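A.B. asks: Have a look at the structure that comes next, please.
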Amino acid sequence: MEKQEIRDFSHKTITGIKVPGDYRDLYSDVAGLLLRVRVSKKSGLNKSWLYVYTLPGSGGKRDSISLGVFPAVGVAEAREKVREYSKSLREGTNPKTQRDQERAEIAKNVQRQTFRHVAKDYWNTHHKTWKNEKVRAQWIDSWMENYTFPHIGSLDVADIRLNDVVKVLKPVWIDKHATARKINQAIGSVLEYAVAKGWRDEDLVNPSKQKERLVHLLARVKHVKEHMPSLHYEDGPKFYADLKQHLLRTDSTGGYLSLEFLVLTGLRTDNLLTLEWDDIDLKKKLVNVPARKMKGGTKDFSYPLIDRCIEILKLRKQITGGTSFVFTGRNAEQMSSGAMLEAVKVICGVKGIKRTDPKYKPKYTDRQSDRRIVPHGFRSTIFSWAEDHGYKLEDCEAIIAHTKGDQNLAAYARGNKLKIRREIMEAYYSFLCPP
């Protein structure tokens with residue numbers, strides 16, 4: 001590589017370098033300092049410091065040692081490191097030997113912790129802030145206990161490398177690829193947490209983030225996003241009639257009433273489960289969801305309530321006393337998403353029947369995938385009905401608080417347009433439950 005010379009080896013000059021090459025620091029008291037500039041496909045120009053030296057007794061053989069990357073390591077710091085290594089060299093110590101000794105000393109002082117202990121510590125610190133109940137349920141009991149701990153639970157977090165992560169992911173990488181990706185993210189978070197706590201060297205690369213190498217060590221799997229199985233709106237009246245029949249046979253503490261509320265509003269499951277009485281204004285027939293409960297967590301969202309939703313809420317208020325959560329499970333605690341899922345299974349006629357059983361023939365399935373419907377899919381049902389019945393796309397999106405992509409659409413949805421949204425919801429209810 002071509003060697004360049006610049007007189008002003010300063011931060012400003014180095015920042016302005018655009019041509020790849022080796023730049024030597026010839027005009028200071030430091031000998032052997034080199035700035036290597038290379039082109040990287042990922043980050044463009046990469047500028048790194050090297051100390052080039054000749055080890056005494058080697059017959060003039062030259063060697064080099066990395067001092068770090070610019071601008072994380074500045075000019076003054078690089079020069080000071082060269083002076084330090086030059087002194088060691090005069091005393092007969094190879095700079096690489098000195099560096100290894102320094103790293104060993106750092107490693108010795110790092111508190112030793114197993115991955116299992118750190119993962120549980122991370123879980124206890126963070127899981128209460130996670131809005132996704134499904135992630136909270138799966139993170140420790142499934143992703144960690146079933147898939148991760150058996151392979152690396154007893155390893156020290158300071159020692160975990162790429163091959164250790166591969167051992168965890170390989171058994172599920174192809175057959176359960178979506179799960180494998182989530183496990184990999186979870187491992188990465190635990191290792192970052194370990195660095196922050198001082199239990200892992202911050203200079204170590206997080207193996208979970210080495211995606212290019214993981215692909216080579218495992219396999220390149222084309223990720224196909226699967227949509228939640230949803231009910232086609234043409235089947236909506238029949239399903240709603242079945243739902244009402246089950247409501248007549250059960251009390252309002254089960255999952256059927258909450259499922260009806262979900263069907264009529266198009267709410268996300270998490271928003272329904274975390275719905276509190278403080279979020280509701282019965283006089284104005286509105287629910288105001290604070291930003292912290294919304295997906296993305298940046299904007300508040302309000303949605304109108306039709307008369308049937310008001311009836312459901314008044315019934316729930318008699319049961320809960322109007323405090324804490326609207327939809328509760330046992331012991332007046334926040335209801336689990338499993339309650340609505342169980343209600344769907346009963347209505348579909350497959351509760352207690354395994355999918356592998358020949359008797360497993362759900363009454364209501366997604367028309368495209370032929371999979372049994374799930375509560376979250378009713379968002380798609382109300383959206384599709386509104387779109388096919390002539391409502392504007394932005395109004396359909398606003399119903400389900402969906403604002404991806406178009407910034408104008410996002411602004412429109414934040415404006416709420418409660419009148420048109422109430423009109424859509426009332427028309428949809430009349431479709432599901434005709435007079």
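Note on naming: chains are A, B, ... as they come in the structure tokens, residues start from 1 per chain, ligands start from 1 in the order shown.
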So that I can check the surroundings of stretch 239-249 of chain A, please list as a count of residues only every protein, DNA and RNA residue that reaches within 7 Å of it, counting only C-alpha atoms and ignoring chain neighbours fewer than 3 positions away.

C.D. replies: 6

A.B. asks: Show me, as a VMD selection string, the residues that have an atom within 10 Å of stretch 300-306 of chain A when counting only C-alpha atoms, minus same-chain residues fewer than 2 positions from it.

C.D. replies: chain A and resid 261 264 to 265 267 279 to 282 284 to 294 297 to 298 308 to 311 313 398 to 401 413 to 423 425 to 427 429

A.B. asks: For stretch 135-152 of chain A, please output as a VMD selection string all residues within 9 Å (counting only C-alpha atoms; exclusion window: fewer than 2 positions along the same chain).

C.D. replies: chain A and resid 114 to 116 119 to 120 123 127 to 128 130 to 133 154 to 157 160 164 to 165 167 to 169 171 to 172 179 to 180 182 to 183 186 to 187

A.B. asks: I'd like the contact shell of A:Val69 - 9 Å cut-off, only C-alpha atoms, skipping same-chain residues fewer than 5 positions apart - returned as a list in words.

C.D. replies: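 The contact residues come out as Asn46, Lys47, Ser48, Trp49 and Gly74 of chain A.
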
A.B. asks: Store the residues of this selection in a file with all heavy atoms, as a PDB file, in the first residue's frame.

C.D. replies:
ATOM      1  N   ASN A  46     -11.977   3.501   6.736  1.00  0.00           N
ATOM      2  CA  ASN A  46     -11.642   3.049   8.074  1.00  0.00           C
ATOM      3  C   ASN A  46     -10.213   3.481   8.390  1.00  0.00           C
ATOM      4  O   ASN A  46      -9.284   3.142   7.663  1.00  0.00           O
ATOM      5  CB  ASN A  46     -11.781   1.520   8.153  1.00  0.00           C
ATOM      6  CG  ASN A  46     -11.482   1.003   9.540  1.00  0.00           C
ATOM      7  OD1 ASN A  46     -10.330   0.802   9.906  1.00  0.00           O
ATOM      8  ND2 ASN A  46     -12.527   0.775  10.306  1.00  0.00           N
ATOM      9  N   LYS A  47     -10.041   4.240   9.465  1.00  0.00           N
ATOM     10  CA  LYS A  47      -8.718   4.783   9.818  1.00  0.00           C
ATOM     11  C   LYS A  47      -8.260   4.185  11.140  1.00  0.00           C
ATOM     12  O   LYS A  47      -8.911   4.366  12.167  1.00  0.00           O
ATOM     13  CB  LYS A  47      -8.809   6.310   9.928  1.00  0.00           C
ATOM     14  CG  LYS A  47      -9.280   6.973   8.627  1.00  0.00           C
ATOM     15  CD  LYS A  47      -9.575   8.448   8.797  1.00  0.00           C
ATOM     16  CE  LYS A  47     -10.129   9.045   7.495  1.00  0.00           C
ATOM     17  NZ  LYS A  47     -10.451  10.480   7.632  1.00  0.00           N
ATOM     18  N   SER A  48      -7.151   3.448  11.092  1.00  0.00           N
ATOM     19  CA  SER A  48      -6.668   2.775  12.294  1.00  0.00           C
ATOM     20  C   SER A  48      -5.197   3.083  12.535  1.00  0.00           C
ATOM     21  O   SER A  48      -4.429   3.341  11.603  1.00  0.00           O
ATOM     22  CB  SER A  48      -6.879   1.260  12.176  1.00  0.00           C
ATOM     23  OG  SER A  48      -6.225   0.753  11.029  1.00  0.00           O
ATOM     24  N   TRP A  49      -4.812   3.052  13.806  1.00  0.00           N
ATOM     25  CA  TRP A  49      -3.435   3.353  14.209  1.00  0.00           C
ATOM     26  C   TRP A  49      -2.616   2.062  14.307  1.00  0.00           C
ATOM     27  O   TRP A  49      -3.107   1.048  14.804  1.00  0.00           O
ATOM     28  CB  TRP A  49      -3.405   4.032  15.575  1.00  0.00           C
ATOM     29  CG  TRP A  49      -4.066   5.375  15.639  1.00  0.00           C
ATOM     30  CD1 TRP A  49      -5.243   5.670  16.249  1.00  0.00           C
ATOM     31  CD2 TRP A  49      -3.577   6.600  15.103  1.00  0.00           C
ATOM     32  NE1 TRP A  49      -5.535   7.000  16.124  1.00  0.00           N
ATOM     33  CE2 TRP A  49      -4.524   7.606  15.425  1.00  0.00           C
ATOM     34  CE3 TRP A  49      -2.443   6.956  14.367  1.00  0.00           C
ATOM     35  CZ2 TRP A  49      -4.370   8.938  15.056  1.00  0.00           C
ATOM     36  CZ3 TRP A  49      -2.287   8.289  14.005  1.00  0.00           C
ATOM     37  CH2 TRP A  49      -3.233   9.262  14.337  1.00  0.00           C
ATOM     38  N   GLY A  74      -7.392   9.209  19.663  1.00  0.00           N
ATOM     39  CA  GLY A  74      -6.924  10.439  19.030  1.00  0.00           C
ATOM     40  C   GLY A  74      -5.423  10.440  18.785  1.00  0.00           C
ATOM     41  O   GLY A  74      -4.700   9.509  19.160  1.00  0.00           O
TER      42      GLY A  74
END

A.B. asks: Could you pull the residues within 7 Å of stretch 373-386 of chain A, counting only C-alpha atoms, minus those fewer than 5 positions along the same chain, as a list in words?

C.D. replies: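 Non-adjacent residues within range: Met228, Pro229, Ser230, Leu231, His232, Tyr233, Val263, Gly266, Leu267, Arg268, Thr269, Met340, Leu341, Val344, Tyr364, Thr365, Asp366, Tyr391, Cys396, Ile400 and Ile424 of chain A.
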
A.B. asks: Generate a file of the selected residues that holds C-alpha atoms, formatted as an mmCIF file, in the first residue's frame.

C.D. replies:
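Output file out-v5.cif follows:
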data_model
loop_
_atom_site.group_PDB
_atom_site.id
_atom_site.type_symbol
_atom_site.label_atom_id
_atom_site.label_comp_id
_atom_site.auth_asym_id
_atom_site.auth_seq_id
_atom_site.Cartn_x
_atom_site.Cartn_y
_atom_site.Cartn_z
ATOM 1 C CA MET A 228 -51.418 -13.753 12.173
ATOM 2 C CA PRO A 229 -54.247 -16.074 11.079
ATOM 3 C CA SER A 230 -57.357 -13.911 10.782
ATOM 4 C CA LEU A 231 -61.059 -14.394 10.252
ATOM 5 C CA HIS A 232 -62.391 -13.308 6.856
ATOM 6 C CA TYR A 233 -65.035 -10.671 7.466
ATOM 7 C CA VAL A 263 -63.457 -7.929 17.918
ATOM 8 C CA GLY A 266 -59.639 -3.795 16.548
ATOM 9 C CA LEU A 267 -57.352 -3.163 19.520
ATOM 10 C CA ARG A 268 -53.973 -4.787 19.911
ATOM 11 C CA THR A 269 -54.081 -7.577 22.472
ATOM 12 C CA MET A 340 -59.040 -14.931 24.901
ATOM 13 C CA LEU A 341 -57.098 -17.598 23.055
ATOM 14 C CA VAL A 344 -61.309 -18.735 20.435
ATOM 15 C CA TYR A 364 -62.974 -20.903 11.768
ATOM 16 C CA THR A 365 -59.663 -20.699 9.923
ATOM 17 C CA ASP A 366 -57.647 -18.213 7.906
ATOM 18 C CA TYR A 391 -63.683 3.674 3.274
ATOM 19 C CA CYS A 396 -58.989 2.099 7.753
ATOM 20 C CA ILE A 400 -56.301 0.012 14.103
ATOM 21 C CA ILE A 424 -66.888 2.830 10.672
#

A.B. asks: Between A:Leu275, A:Val195, A:Val30, A:Val19, which is the closest to A:Ser324 once you count only C-alpha atoms?

C.D. replies: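 Under the stated criterion, the closest residue is A:Leu275.
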